[in-house]
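A.B. asks: Structure file work.cif (mmCIF, C-alpha atoms) right here:
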```cif
data_coords
loop_
_atom_site.label_atom_id
_atom_site.label_comp_id
_atom_site.auth_asym_id
_atom_site.auth_seq_id
_atom_site.Cartn_x
_atom_site.Cartn_y
_atom_site.Cartn_z
CA MET F 1 -6.03 0.40 -18.62
CA ILE F 2 -7.11 -1.03 -15.27
CA VAL F 3 -9.88 -3.59 -15.41
CA LEU F 4 -11.46 -4.46 -12.09
CA PHE F 5 -14.11 -7.16 -11.88
CA VAL F 6 -16.70 -7.10 -9.15
CA ASN F 7 -18.85 -10.19 -8.68
CA LYS F 8 -22.23 -10.18 -6.98
CA ASN F 9 -24.72 -13.03 -7.24
CA ASN F 10 -22.98 -14.45 -10.32
CA ALA F 11 -23.06 -11.07 -12.06
CA SER F 12 -19.94 -9.14 -13.01
CA GLU F 13 -19.12 -5.55 -13.72
CA SER F 14 -16.00 -4.52 -15.62
CA ILE F 15 -14.59 -1.23 -14.40
CA SER F 16 -11.89 0.88 -16.01
CA PRO F 17 -10.84 3.54 -13.49
CA LEU F 18 -8.78 5.36 -16.10
CA THR F 19 -11.74 6.00 -18.36
CA LEU F 20 -14.92 5.96 -16.27
CA SER F 21 -15.91 9.24 -14.64
CA THR F 22 -18.25 7.80 -12.01
CA THR F 23 -17.78 5.23 -9.29
CA PRO F 24 -19.14 1.72 -9.89
CA THR F 25 -22.34 0.25 -8.55
CA PRO F 26 -22.02 -0.30 -4.79
CA TYR F 27 -21.67 -3.93 -3.69
CA PRO F 28 -21.52 -4.55 0.07
CA LEU F 29 -18.99 -7.07 1.29
CA PRO F 30 -20.87 -10.23 2.25
CA THR F 31 -21.22 -11.72 5.69
CA GLN F 32 -19.32 -15.02 5.65
CA ALA F 33 -20.37 -18.27 7.32
CA TYR F 34 -17.84 -21.08 7.71
CA ASP F 35 -18.49 -24.65 8.84
CA SER F 36 -14.85 -25.63 9.24
CA PRO F 37 -12.55 -23.97 11.75
CA SER F 38 -9.38 -24.94 9.83
CA TYR F 39 -9.24 -21.74 7.78
CA PHE F 40 -9.44 -19.60 10.91
CA THR F 41 -6.98 -21.78 12.79
CA THR F 42 -4.45 -21.15 10.04
CA ILE F 43 -4.99 -17.41 9.63
CA PHE F 44 -5.68 -16.43 13.22
CA GLY F 45 -2.68 -18.49 14.28
CA GLN F 46 -0.45 -16.18 12.27
CA ILE F 47 -2.23 -12.88 12.86
CA PHE F 48 -3.82 -13.03 16.28
CA GLY F 49 -1.34 -15.27 18.06
CA LYS F 50 -3.21 -18.50 18.59
CA ARG F 51 -0.98 -21.32 19.71
CA ASN F 52 0.38 -23.77 17.14
CA GLN F 53 2.37 -26.98 17.25
CA SER F 54 5.77 -25.49 16.41
CA VAL F 55 5.90 -22.60 18.91
CA ASP F 56 4.74 -22.38 22.50
CA PRO F 57 5.27 -18.78 23.66
CA SER F 58 4.85 -19.71 27.32
CA GLN F 59 8.01 -21.83 27.09
CA ILE F 60 10.28 -19.24 25.47
CA THR F 61 11.37 -17.57 28.69
CA THR F 62 11.26 -20.86 30.61
CA ASP F 63 13.31 -23.03 28.24
CA GLY F 64 15.15 -20.34 26.28
CA GLN F 65 18.13 -18.17 27.08
CA ARG F 66 18.07 -14.39 27.00
CA GLN F 67 20.77 -13.34 24.56
CA ALA F 68 20.32 -9.57 24.47
CA GLU F 69 18.08 -6.72 25.55
CA ASN F 70 17.48 -3.07 24.95
CA GLU F 71 14.80 -0.70 26.20
CA TYR F 72 12.17 -2.26 23.91
CA PHE F 73 13.02 -5.94 23.40
CA ASP F 74 14.23 -9.06 25.15
CA LEU F 75 15.88 -11.38 22.62
CA TYR F 76 15.68 -15.08 23.50
CA SER F 77 17.06 -18.17 21.84
CA GLU F 78 16.16 -21.80 22.34
CA ASN F 79 18.91 -24.40 22.14
CA GLY F 80 21.29 -21.62 21.14
CA TYR F 81 19.47 -20.91 17.85
CA LEU F 82 20.21 -17.32 16.85
CA PRO F 83 20.75 -16.51 13.14
CA VAL F 84 21.57 -12.81 13.71
CA ASP F 85 24.48 -10.90 15.18
CA VAL F 86 23.54 -9.67 18.66
CA GLN F 87 25.09 -6.21 18.36
CA TRP F 88 23.44 -5.66 14.97
CA TRP F 89 20.12 -6.79 16.41
CA GLN F 90 20.25 -4.49 19.43
CA LYS F 91 20.82 -1.43 17.25
CA GLU F 92 18.46 -2.25 14.39
CA SER F 93 15.57 -3.53 16.49
CA LYS F 94 15.56 -0.32 18.51
CA GLN F 95 15.24 1.69 15.29
CA VAL F 96 12.45 -0.56 14.06
CA TYR F 97 10.49 -0.10 17.27
CA GLU F 98 10.78 3.68 17.21
CA TYR F 99 9.82 3.83 13.52
CA VAL F 100 6.72 1.62 13.86
CA SER F 101 5.70 3.27 17.13
CA GLN F 102 5.81 6.72 15.54
CA ARG F 103 4.01 5.53 12.40
CA LEU F 104 1.12 4.05 14.36
CA GLY F 105 1.15 6.60 17.17
CA ALA F 106 1.25 3.80 19.72
CA THR F 107 3.54 2.07 22.19
CA VAL F 108 3.43 -0.69 24.79
CA SER F 109 4.45 -0.43 28.40
CA GLU F 110 6.16 -3.80 28.63
CA LYS F 111 9.11 -5.13 26.66
CA VAL F 112 8.42 -7.32 23.64
CA ILE F 113 9.99 -10.78 23.62
CA VAL F 114 11.52 -11.84 20.29
CA THR F 115 12.84 -15.26 19.35
CA PHE F 116 13.98 -16.92 16.13
CA VAL F 117 13.06 -20.37 14.89
CA PRO F 118 14.07 -22.13 11.65
CA PRO F 119 11.78 -21.47 8.66
CA ASN F 120 8.92 -23.89 8.10
CA SER F 121 8.49 -25.77 4.86
CA GLY F 122 5.37 -25.73 2.70
CA ASN F 123 3.65 -23.40 0.26
CA CYS F 124 2.29 -21.07 2.93
CA ALA F 125 4.96 -21.06 5.61
CA PRO F 126 4.77 -18.02 7.90
CA ARG F 127 7.70 -15.63 8.17
CA GLY F 128 6.58 -14.26 11.51
CA THR F 129 3.96 -14.77 14.21
CA THR F 130 2.82 -12.58 17.07
CA PHE F 131 1.43 -13.89 20.35
CA HIS F 132 -0.53 -11.49 22.52
CA GLU F 133 0.35 -12.95 25.88
CA GLN F 134 0.68 -10.93 29.09
CA GLN F 135 3.98 -9.92 27.53
CA PRO F 136 3.84 -9.80 23.72
CA VAL F 137 5.92 -12.39 21.91
CA ILE F 138 7.19 -12.15 18.32
CA VAL F 139 8.52 -15.24 16.57
CA ILE F 140 10.60 -14.72 13.42
CA PHE F 141 11.15 -17.68 11.11
CA ALA F 142 14.65 -17.20 9.71
CA ASP F 143 18.04 -18.80 9.25
CA LYS F 144 21.51 -17.68 8.20
CA ASP F 145 20.35 -17.39 4.56
CA THR F 146 17.48 -15.03 5.42
CA SER F 147 18.33 -11.48 4.40
CA LYS F 148 18.64 -8.76 7.00
CA GLU F 149 16.08 -6.76 5.02
CA GLN F 150 13.52 -9.55 5.37
CA ILE F 151 14.22 -9.98 9.10
CA LEU F 152 13.72 -6.26 9.77
CA ALA F 153 10.58 -6.08 7.60
CA VAL F 154 9.08 -9.09 9.36
CA LEU F 155 9.94 -7.60 12.76
CA ALA F 156 8.33 -4.29 11.75
CA HIS F 157 5.20 -6.07 10.47
CA GLU F 158 4.84 -8.23 13.58
CA LEU F 159 5.53 -5.28 15.87
CA GLY F 160 2.75 -3.53 13.98
CA HIS F 161 0.43 -6.32 15.14
CA VAL F 162 1.55 -5.73 18.74
CA PHE F 163 0.64 -2.04 18.59
CA ILE F 164 -2.55 -2.65 16.59
CA HIS F 165 -3.75 -5.16 19.17
CA GLN F 166 -3.47 -2.48 21.85
CA LYS F 167 -4.69 0.51 19.85
CA TYR F 168 -7.59 -1.08 17.94
CA GLU F 169 -9.09 -3.64 20.30
CA ASN F 170 -11.92 -4.67 17.95
CA LEU F 171 -9.87 -5.02 14.77
CA SER F 172 -10.47 -8.72 14.25
CA ASP F 173 -10.80 -8.41 10.48
CA VAL F 174 -7.98 -10.36 8.83
CA ALA F 175 -7.48 -8.20 5.74
CA LEU F 176 -7.49 -4.88 7.59
CA ASN F 177 -5.27 -6.20 10.37
CA GLU F 178 -2.70 -7.62 7.98
CA GLY F 179 -2.85 -4.57 5.74
CA MET F 180 -2.34 -2.19 8.65
CA ALA F 181 0.60 -4.18 10.01
CA THR F 182 2.18 -4.07 6.56
CA TRP F 183 1.51 -0.33 6.31
CA ALA F 184 3.19 0.08 9.70
CA ALA F 185 6.31 -1.63 8.33
CA GLY F 186 6.52 1.14 5.71
CA ASP F 187 10.16 1.82 4.80
CA TYR F 188 11.24 -1.60 6.05
CA TRP F 189 8.82 -3.30 3.66
CA LYS F 190 10.18 -1.11 0.87
CA GLY F 191 13.74 -1.97 1.87
CA TRP F 192 12.91 -5.66 1.62
CA LYS F 193 10.82 -5.61 -1.55
CA GLY F 194 12.68 -2.79 -3.30
CA VAL F 195 9.54 -0.82 -4.08
CA ASP F 196 7.06 1.30 -2.13
CA PHE F 197 3.42 0.28 -1.70
CA ASN F 198 1.93 2.49 -4.39
CA SER F 199 4.55 1.71 -7.03
CA GLY F 200 4.17 -1.96 -6.20
CA VAL F 201 0.44 -1.86 -6.91
CA VAL F 202 0.96 -0.01 -10.19
CA GLY F 203 3.44 -2.72 -11.14
CA PHE F 204 0.95 -5.48 -10.28
CA VAL F 205 -1.68 -3.90 -12.50
CA ASN F 206 0.75 -3.41 -15.38
CA ASP F 207 2.07 -6.98 -15.26
CA LYS F 208 -1.43 -8.42 -14.69
CA THR F 209 -0.72 -9.89 -11.25
CA TYR F 210 -3.07 -7.49 -9.44
CA LEU F 211 -5.56 -9.29 -7.19
CA PRO F 212 -8.82 -7.31 -6.88
CA LEU F 213 -9.30 -6.60 -3.20
CA PHE F 214 -13.08 -6.88 -3.29
CA GLN F 215 -12.82 -10.43 -4.61
CA ASN F 216 -9.99 -11.40 -2.25
CA PHE F 217 -11.01 -9.69 0.97
CA ASP F 218 -11.30 -13.04 2.78
CA MET F 219 -7.52 -13.47 2.21
CA SER F 220 -7.96 -17.15 1.36
CA LYS F 221 -5.41 -16.94 -1.48
CA ALA F 222 -2.84 -15.65 0.99
CA TYR F 223 -3.20 -18.73 3.22
CA ASP F 224 -3.93 -21.56 0.78
CA ASP F 225 -1.48 -24.35 1.63
CA ASN F 226 -2.43 -26.16 -1.56
CA SER F 227 -1.35 -23.29 -3.82
CA PRO F 228 2.30 -23.02 -4.91
CA ASP F 229 1.65 -19.29 -5.38
CA CYS F 230 0.47 -18.75 -1.80
CA ILE F 231 3.44 -16.61 -0.69
CA ILE F 232 3.34 -14.57 -3.91
CA HIS F 233 -0.38 -13.95 -3.46
CA ARG F 234 0.18 -13.02 0.19
CA ASP F 235 2.79 -10.40 -0.65
CA VAL F 236 0.64 -8.97 -3.45
CA LEU F 237 -2.41 -8.67 -1.19
CA LEU F 238 -0.43 -7.24 1.72
CA THR F 239 1.11 -4.60 -0.53
CA GLU F 240 -2.26 -3.72 -2.05
CA LEU F 241 -3.95 -3.47 1.34
CA ALA F 242 -1.17 -1.28 2.75
CA SER F 243 -1.44 1.06 -0.22
CA PHE F 244 -5.24 1.12 0.05
CA LEU F 245 -5.14 1.94 3.77
CA ASP F 246 -2.60 4.67 3.12
CA TYR F 247 -5.09 6.12 0.62
CA LEU F 248 -7.81 6.09 3.29
CA ILE F 249 -5.52 7.76 5.82
CA GLN F 250 -4.32 10.44 3.43
CA ASN F 251 -7.75 11.25 2.02
CA TYR F 252 -10.12 10.69 4.94
CA GLY F 253 -7.99 10.84 8.07
CA SER F 254 -7.09 8.56 10.96
CA GLU F 255 -10.32 9.08 12.91
CA LYS F 256 -12.44 7.51 10.18
CA LEU F 257 -9.96 4.65 9.91
CA ALA F 258 -10.33 4.03 13.64
CA ALA F 259 -14.11 3.95 13.17
CA LEU F 260 -13.71 1.41 10.34
CA PHE F 261 -11.50 -0.73 12.57
CA ASP F 262 -14.28 -0.97 15.18
CA VAL F 263 -15.68 -4.02 13.40
CA PRO F 264 -18.46 -6.35 14.56
CA GLN F 265 -16.87 -9.35 16.25
CA PRO F 266 -17.15 -12.90 14.83
CA GLU F 267 -19.87 -15.08 16.32
CA LEU F 268 -20.46 -18.80 16.59
CA THR F 269 -24.02 -19.62 15.53
CA ASN F 270 -25.36 -23.14 14.92
CA ASN F 271 -21.79 -24.49 14.74
CA GLN F 272 -20.90 -21.95 12.09
CA ARG F 273 -18.36 -19.17 12.42
CA ILE F 274 -20.08 -15.95 11.28
CA ILE F 275 -17.72 -13.21 10.10
CA TYR F 276 -19.18 -9.74 9.66
CA PRO F 277 -17.49 -7.35 7.20
CA PRO F 278 -16.19 -3.89 8.12
CA ASN F 279 -18.81 -1.20 7.58
CA PHE F 280 -17.19 0.87 4.82
CA LYS F 281 -20.52 2.41 3.80
CA ASP F 282 -21.30 3.94 7.18
CA VAL F 283 -17.78 5.30 7.67
CA TYR F 284 -16.92 6.54 4.17
CA ASP F 285 -20.34 6.78 2.50
CA LEU F 286 -18.98 4.41 -0.16
CA GLU F 287 -18.86 0.63 -0.35
CA PHE F 288 -15.52 -1.14 -0.42
CA ASN F 289 -15.59 -1.85 -4.16
CA GLN F 290 -16.21 1.85 -4.81
CA LEU F 291 -13.31 2.88 -2.57
CA GLU F 292 -11.07 0.36 -4.34
CA TYR F 293 -12.00 1.98 -7.64
CA GLU F 294 -11.25 5.49 -6.35
CA TRP F 295 -7.93 4.37 -4.87
CA LEU F 296 -6.75 2.74 -8.11
CA LYS F 297 -7.82 5.75 -10.13
CA THR F 298 -5.85 8.00 -7.80
CA LEU F 299 -2.75 5.78 -8.00
CA PHE F 300 -2.71 5.89 -11.79
CA SER F 301 -3.34 9.61 -11.93
CA LEU F 302 -0.33 10.08 -9.65
CA SER F 303 1.84 7.76 -11.71
CA GLN F 304 1.31 9.59 -15.00
#
```
Would you mind writing the file's structure down as structure tokens?

C.D. replies:
Amino acid sequence: MIVLFVNKNNASESISPLTLSTTPTPYPLPTQAYDSPSYFTTIFGQIFGKRNQSVDPSQITTDGQRQAENEYFDLYSENGYLPVDVQWWQKESKQVYEYVSQRLGATVSEKVIVTFVPPNSGNCAPRGTTFHEQQPVIVIFADKDTSKEQILAVLAHELGHVFIHQKYENLSDVALNEGMATWAAGDYWKGWKGVDFNSGVVGFVNDKTYLPLFQNFDMSKAYDDNSPDCIIHRDVLLTELASFLDYLIQNYGSEKLAALFDVPQPELTNNQRIIYPPNFKDVYDLEFNQLEYEWLKTLFSLSQ
């Protein structure tokens, strides 16, 4: 049995998609107001390519050395740091580009710069970052102990951000952006995690690690430096979001998804960052919590 809790004004509703025959009460996602910019500095720094202290993309081509290239990528290293075999990289990165490009139906006219840096420490260390400069820059945090499967999955995910940035100009929503980039990684994510998106979600529900998307749409659990489970939560939420977006694509089509991705942009009002939620109701005639219910019900009907 799936139990999904939806909270609204300190009230809760327990939903069992396997037994209920009607969708739950609609609860709109709230508009969020934040006083502190730290949360957005952390998340937007990883998703939307804001500069951080450890990587300066403007210096990669200036201070680094170009180690390899193909028709899609320029591979740079700084101080000779390169934890991958060049010939392997040239072949595999080309395949990643063509896979993600076909999956998203997008491409970019310029080459993408890729560089590697040693992994960061901490509970919430990033595994990749994308900078949307004049020429897109992908940074992969990896060393000799990082599996090839992880490197390719991270490349596919970050390349997804490159294409998404071009194709969906107004997609500033963190959850949808991260979920779509994970969806774009598709087979590479499966190759890394050993399970596809849908089966992964079914497993989360069965082992009680499922994180309800309605309650976690702000993605704070995925970027909480104080939580030792931050990376685990991030991977759970990314897998769930990718599976959910695949459900929307398969059942409602790409045009409606594009309409959903045209989200109201954040605003700064009275020293507060105002974040407006995506308008699920107008696009799908259902609120997000209702779509989450329908998606889970569909997953478990397919898994029987």

A.B. asks: Do you have the CA of Lys111 (chain F)-CA of Thr146 (chain F) distance handy?

C.D. replies: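 According to the coordinates, CA of Lys111 (chain F) and CA of Thr146 (chain F) are separated by 24.9 Å.
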
A.B. asks: Run the PyMOL selection byres ((chain F and resi 68) around 9) against the file shown and list the residues it catches, as a VMD selection string.

C.D. replies: chain F and resid 66 to 67 69 to 70 73 to 76 86 to 87 89 to 90

A.B. asks: Applied to the shown file, which residues does the PyMOL selection byres ((chain F and resi 198) around 8) return, written as a ChimeraX atom specification?

C.D. replies: /F:196-197,199-202,240,243,299

A.B. asks: Could you check how far CA of Asn279 (chain F) sits from CA of Asp235 (chain F), in Å to one decimal?

C.D. replies: 24.9 Å

A.B. asks: Please determine, counting all atoms listed in the file, which residue among F:Val114, F:Val174, F:Met180, F:Leu296 has the shortest atom-to-atom distance to Leu82 (chain F).

C.D. replies: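 Nearest candidate to Leu82 (chain F) out of F:Val114, F:Val174, F:Met180, F:Leu296: F:Val114.
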